[in-house]
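Asks: Below: one structure in C-alpha cells.
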Amino acid sequence: MPCDPFEMALVHRGFRRELHNAAGLIRGVTAGDSRRAAVVSEHIDFIMTAVHFHHSAEDEFVWPRLFARAPSRAAESTRMQEAHRTIDYACERVRATAVAWAETGEPWRAEELMSEIAGFAPLVDEHFDDEENKVVPIIAEYLGPKEWRKFLSHGSAFVRAHPRRGLALGGIVLDGESAETRGRFLGNLPLPLRSIFKTIGDRVYAGYRAQIYGTE
C-alpha cells in the first residue's frame with residue numbers, strides 16, 4: 001500500500017515562507033541594535049537548523065530505501081543528496097554571517113547577510129521544487145504508510161532536543177493551513193508529540209511569532 005507524503009510540501013512551505021521573510025526582518029533592525037539583531041539572527045539560525053534536520057532525516061531514512069527498491073530511479077535520490085550537501089555548505093555561510101551581524105547590528109553586516117539569504121532562498125526553492133515534483137511521487141510509490149510515519153517520527157527527536165522551538169516549528173508548518181490539513185498533519189505524528197502540540201503548541205507558536213514579527 002503506497003503512502004501519502006503530503007507533509008513534504010507542507011513542511012517546505014513553512015521553510016520557504018520564513019526564508020523569504022528573512023530579508024524583511026533583517027532590514028527592519030535599526031542600525032547598531034545588536035539586541036534585536038541577535039533575536040533575528042537566532043531565528044535565522046533556527047530555520048537553518050530545522051532545514052538541516054529535515055534533510056538529515058531524509059538522508060538517513062528515505063534515500064537508502066529508494067536506492068534499494070527503485071534502482072532505476074537512483075539518479076533522483078543521488079541528486080537530492082548532492083543538493084543537500086550544497087545547501088549545507090550555503091547554510092554555514094548564512095550562519096556565520098548572521099552571527100557576525102548579531103554582534104554589532106552594523107548596516108554593512110546586515111547587507112552582507114541579506115545577500116547571503118538572497119542566494120540561499122532560491123537554492124532551497126529549486127531543491128524543494130525538484131523534490132516535490134520528481135521525488136515525492138517515488139516516495140509515495142515505494143514507501144508504505146507505516147514507514148512514512150516512522151520517518152515523520154524523526155520530528156519528535158527535534159522537539160526533544162529543542163522543546164520550545166520544536167513546537168514553534170510545528171506552528172510555522174501549520175500557519176495558514178486549513179483545519180483539515182492541520183488534522184491530517186497532526187494525525188500522523190506520534191501520539192505524545194500530537195498531544196503536546198494540541199495542548200500548548202498554538203500558545204508557544206503565538207509567543208514565538210510575536211517575538212520575531214511583533215504583535216499585529
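Quick note on naming: the chains in the C-alpha cells go A, B, ... in the order shown, residues restart at 1 in each chain, and ligands are numbered from 1 in order of appearance.
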Region 13-81 of chain A near region 175-196 of chain A within 12 Å: what's each residue's closest atom pair and its distance in Å to one decimal, counting only C-alpha atoms, ordered by chain then ascending residue number, as JSON lines?
Replies:
```
{"residue": "A:Arg13", "atom": "CA", "partner": "A:Asp175", "partner_atom": "CA", "distance": 9.6}
{"residue": "A:Gly14", "atom": "CA", "partner": "A:Asp175", "partner_atom": "CA", "distance": 7.6}
{"residue": "A:Phe15", "atom": "CA", "partner": "A:Asp175", "partner_atom": "CA", "distance": 11.2}
{"residue": "A:Arg17", "atom": "CA", "partner": "A:Asp175", "partner_atom": "CA", "distance": 10.0}
{"residue": "A:Glu18", "atom": "CA", "partner": "A:Asp175", "partner_atom": "CA", "distance": 11.1}
```
Asks: Residues near Glu116 (chain A), anyone? I mean within 10 Å using only C-alpha atoms, not counting same-chain ones fewer than 2 positions away, as number ranges by chain.
Replies: A: 23, 90-91, 93-95, 97-98, 110-114, 118-121
Asks: CA of Gly32 (chain A) and CA of Thr104 (chain A), how far apart in Å?
Replies: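 Going from CA of Thr104 (chain A) over to CA of Gly32 (chain A), I get 5.8 Å.
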Asks: Show me, as a Markdown table, the residues of region 32-80 of chain A having an atom within 9 Å of region 136-144 of chain A, each with the closest atom pair and its distance in Å, using only C-alpha atoms.
Replies:
```
| residue | atom | partner | partner_atom | distance |
| --- | --- | --- | --- | --- |
| A:Val62 | CA | A:Ile139 | CA | 7.8 |
| A:Arg65 | CA | A:Leu143 | CA | 7.9 |
| A:Leu66 | CA | A:Tyr142 | CA | 6.9 |
| A:Arg69 | CA | A:Tyr142 | CA | 6.8 |
| A:Ala70 | CA | A:Tyr142 | CA | 7.5 |
| A:Arg73 | CA | A:Ile138 | CA | 8.2 |
```
Asks: Let's have the selection written as a PDB file, in the first residue's frame, with C-alpha atoms.
Replies:
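Here's the written file out36.pdb:
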```
ATOM      1  CA  VAL A  62      14.343   7.870   2.774  1.00  0.00           C
ATOM      2  CA  ARG A  65      15.203   2.752   0.849  1.00  0.00           C
ATOM      3  CA  LEU A  66      14.657   4.315  -2.551  1.00  0.00           C
ATOM      4  CA  ARG A  69      13.757  -0.502  -4.014  1.00  0.00           C
ATOM      5  CA  ALA A  70      13.888   1.729  -7.073  1.00  0.00           C
ATOM      6  CA  ARG A  73      15.364   5.953 -10.188  1.00  0.00           C
TER       7      ARG A  73
END
```
Asks: Measure the distance from CA of Glu132 (chain A) to CA of Ala68 (chain A) in Å and round it to one decimal.
Replies: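 Going from CA of Glu132 (chain A) over to CA of Ala68 (chain A) covers 20.4 Å.
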Asks: Could you name the residues that touch Trp101 (chain A) at 9 Å or less, counting only C-alpha atoms, but leaving out those on the same chain fewer than 5 positions away, as a PDB file with N, CA and C atoms, in the first residue's frame?
Replies:
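out11.pdb, freshly written:
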```
ATOM      1  N   SER A  34      22.119  45.708  18.367  1.00  0.00           N
ATOM      2  CA  SER A  34      22.642  44.347  18.418  1.00  0.00           C
ATOM      3  C   SER A  34      21.683  43.396  19.133  1.00  0.00           C
ATOM      4  N   ALA A  37      19.135  42.489  16.552  1.00  0.00           N
ATOM      5  CA  ALA A  37      19.859  41.712  15.544  1.00  0.00           C
ATOM      6  C   ALA A  37      20.084  40.287  16.031  1.00  0.00           C
ATOM      7  N   ALA A  38      20.358  40.129  17.339  1.00  0.00           N
ATOM      8  CA  ALA A  38      20.572  38.795  17.889  1.00  0.00           C
ATOM      9  C   ALA A  38      19.299  37.965  17.823  1.00  0.00           C
ATOM     10  N   SER A  41      18.854  37.017  14.203  1.00  0.00           N
ATOM     11  CA  SER A  41      19.907  36.066  13.862  1.00  0.00           C
ATOM     12  C   SER A  41      19.602  34.676  14.414  1.00  0.00           C
ATOM     13  N   ALA A  96      27.305  31.869   9.693  1.00  0.00           N
ATOM     14  CA  ALA A  96      28.478  32.650  10.085  1.00  0.00           C
ATOM     15  C   ALA A  96      28.228  34.143   9.898  1.00  0.00           C
ATOM     16  N   GLU A 106      25.586  46.164  12.729  1.00  0.00           N
ATOM     17  CA  GLU A 106      26.068  47.159  11.765  1.00  0.00           C
ATOM     18  C   GLU A 106      25.390  46.980  10.404  1.00  0.00           C
ATOM     19  N   PRO A 107      25.030  48.094   9.742  1.00  0.00           N
ATOM     20  CA  PRO A 107      24.308  48.010   8.462  1.00  0.00           C
ATOM     21  C   PRO A 107      25.044  47.220   7.388  1.00  0.00           C
ATOM     22  N   TRP A 108      26.359  47.369   7.322  1.00  0.00           N
ATOM     23  CA  TRP A 108      27.073  46.664   6.252  1.00  0.00           C
ATOM     24  C   TRP A 108      27.040  45.153   6.474  1.00  0.00           C
ATOM     25  N   ARG A 109      27.006  44.751   7.753  1.00  0.00           N
ATOM     26  CA  ARG A 109      26.849  43.333   8.051  1.00  0.00           C
ATOM     27  C   ARG A 109      25.447  42.857   7.673  1.00  0.00           C
ATOM     28  N   ALA A 110      24.462  43.714   7.903  1.00  0.00           N
ATOM     29  CA  ALA A 110      23.091  43.380   7.521  1.00  0.00           C
ATOM     30  C   ALA A 110      22.986  43.175   6.011  1.00  0.00           C
ATOM     31  N   GLU A 112      25.364  42.299   4.030  1.00  0.00           N
ATOM     32  CA  GLU A 112      26.075  41.057   3.731  1.00  0.00           C
ATOM     33  C   GLU A 112      25.179  39.843   3.984  1.00  0.00           C
ATOM     34  N   LEU A 113      24.453  39.883   5.105  1.00  0.00           N
ATOM     35  CA  LEU A 113      23.559  38.776   5.438  1.00  0.00           C
ATOM     36  C   LEU A 113      22.401  38.688   4.460  1.00  0.00           C
TER      37      LEU A 113
END
```
Asks: I'd like the interatomic distance between CA of Met48 (chain A) and CA of Ser77 (chain A), to a tenth of an Å.
Replies: 21.8 Å
Asks: Pick from A:Glu131, A:Glu60, A:Glu42, A:Asp33: nearest to Lys150 (chain A), with only C-alpha atoms counted?
Replies: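 Closest residue, counting only C-alpha atoms: A:Glu60.
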Asks: Show which residues sit within 10 Å of Phe61 (chain A), as JSON, numbers by chain. Count only C-alpha atoms, and ignore same-chain residues fewer than 2 positions away.
Replies: {"A": [55, 56, 57, 58, 59, 63, 64, 65, 66, 147, 148, 150, 151, 154]}
Asks: Could the residues in this selection be saved with C-alpha atoms as an mmCIF file, in the first residue's frame?
Replies:
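Full text of result08.cif as output:
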```cif
data_model
loop_
_atom_site.group_PDB
_atom_site.id
_atom_site.type_symbol
_atom_site.label_atom_id
_atom_site.label_comp_id
_atom_site.auth_asym_id
_atom_site.auth_seq_id
_atom_site.Cartn_x
_atom_site.Cartn_y
_atom_site.Cartn_z
ATOM 1 C CA HIS A 55 17.422 16.863 5.213
ATOM 2 C CA SER A 56 19.379 14.633 7.602
ATOM 3 C CA ALA A 57 16.239 12.581 8.260
ATOM 4 C CA GLU A 58 15.751 12.130 4.527
ATOM 5 C CA ASP A 59 19.400 11.141 4.075
ATOM 6 C CA TRP A 63 17.139 7.750 0.197
ATOM 7 C CA PRO A 64 18.618 4.374 1.269
ATOM 8 C CA ARG A 65 15.203 2.752 0.849
ATOM 9 C CA LEU A 66 14.657 4.315 -2.551
ATOM 10 C CA GLU A 147 7.417 3.596 7.033
ATOM 11 C CA TRP A 148 6.372 7.139 6.236
ATOM 12 C CA LYS A 150 8.357 6.330 11.074
ATOM 13 C CA PHE A 151 10.130 8.976 9.019
ATOM 14 C CA HIS A 154 12.046 11.852 13.472
#
```
